[in-house]
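Worksheet: one structure, shown below.
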Amino acid sequence: MKKWLKNSKGFTLVELLAVIVILGVIAAIAVPVVSATIQNSRERSDVASLALIRDAVTRWAIETEVVDDVAATELSVVSGAGYLQGVPAIQSRTDLDFDQFSISVDGFGMYDVNILDTDGVTEIVEGNF
């Protein structure tokens with residue numbers, strides 16, 4: 001019987017528990033970091049998408065020679081004219097769904113583009129050009 005115990009190969013329960021604890025600590029550190037990184041990349045994607053829409057609306061306004069303010073207008077006007085290939089989705093916030101824009105023109109010919117939520121009132125992003 002003693003000969004069988006001496007030749008047994010494997011891990012003890014203490015060694016297995018130590019490995020499980022170490023893996024748990026690593027997971028506890030890594031999971032929040034990974035989820036924060038995913039959220040950060042979604043927010044950066046949204047900023048890029050909104051800038052793309054703002055630029056397309058600005059190109060549309062310049063080329064169609066918009067000189068007066070434009071009230072809440074569907075983004076399909078811009079995408080139908082070939083300035084935008086569809087409207088990108090918001091990745092980081094599910095409560096926003098934009099499909100309209102408005103333009104204000106100041107006395108110096110600068111455009112203030114506002115991307116609006118579906119209610120036509122809530123501004124998602126604005127920028128002066």
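Residues in the structure tokens are numbered from 1 in each chain, the chains being A, B, ... in the order shown, and ligands are numbered from 1 in the order shown.
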Write out as a PyMOL selection string the residues lying within 12 Å of Glu63 of chain A, counting only C-alpha atoms and excluding same-chain residues fewer than 3 positions away. chain A and resi 56-60+66-67+78+81-83
Please identify the strand (DSSP E) residues within segment 14-118 of chain A (assignment by DSSP from backbone atoms) and present them as a PyMOL selection string. chain A and resi 70-74+98-105+111-117
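As for atom CA of Val77 of chain A and atom CA of Gln100 of chain A, they are spaced 9.4 Å apart.
All residues of protein, DNA or RNA that reach within 12 Å of segment 42-45 of chain A, judged by only C-alpha atoms and not counting those fewer than 5 positions away in the chain, are Ser35, Ala36, Thr37, Leu50, Ala51, Leu52, Pro88, Ala89, Ile90, Gln91, Ser92, Arg93 and Thr94 of chain A.
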Kindly save the residues from that selection, with C-alpha atoms included, as an mmCIF file, in the first residue's frame.
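So the final result, stored in result33.cif, reads:
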data_model
loop_
_atom_site.group_PDB
_atom_site.id
_atom_site.type_symbol
_atom_site.label_atom_id
_atom_site.label_comp_id
_atom_site.auth_asym_id
_atom_site.auth_seq_id
_atom_site.Cartn_x
_atom_site.Cartn_y
_atom_site.Cartn_z
ATOM 1 C CA SER A 35 -15.845 45.739 -20.228
ATOM 2 C CA ALA A 36 -14.613 49.330 -19.832
ATOM 3 C CA THR A 37 -12.543 48.953 -22.989
ATOM 4 C CA LEU A 50 -21.967 61.260 -35.667
ATOM 5 C CA ALA A 51 -19.057 63.161 -37.207
ATOM 6 C CA LEU A 52 -19.675 61.292 -40.469
ATOM 7 C CA PRO A 88 -25.150 54.286 -38.691
ATOM 8 C CA ALA A 89 -26.519 52.993 -35.407
ATOM 9 C CA ILE A 90 -25.601 54.287 -31.977
ATOM 10 C CA GLN A 91 -23.591 51.567 -30.206
ATOM 11 C CA SER A 92 -23.168 52.906 -26.678
ATOM 12 C CA ARG A 93 -26.683 54.175 -25.923
ATOM 13 C CA THR A 94 -29.837 52.316 -26.814
#
Enter the distance from atom CA of Thr12 of chain A to atom CA of Ala27 of chain A, in Å, rounded to one decimal. 22.9 Å
Go through A:Val47, A:Ile26, A:Val105, A:Leu84 one by one, measure the shortest atom-to-atom distance of each to Val70 of chain A using only C-alpha atoms, and give the residue with the smallest value. A:Val105
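Of note, atom CA of Ser104 of chain A and atom CA of Asp68 of chain A are spaced 7.2 Å apart.
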Which parts of segment 19-93 of chain A does DSSP call helix (DSSP H, G or I) when run on the backbone here, written out as an NGL selection string? :A and (19-63 or 76-80)
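Closest approach to Val87 of chain A among A:Ser49, A:Pro32, A:Val14, A:Asp55: A:Ser49, based on only C-alpha atoms.
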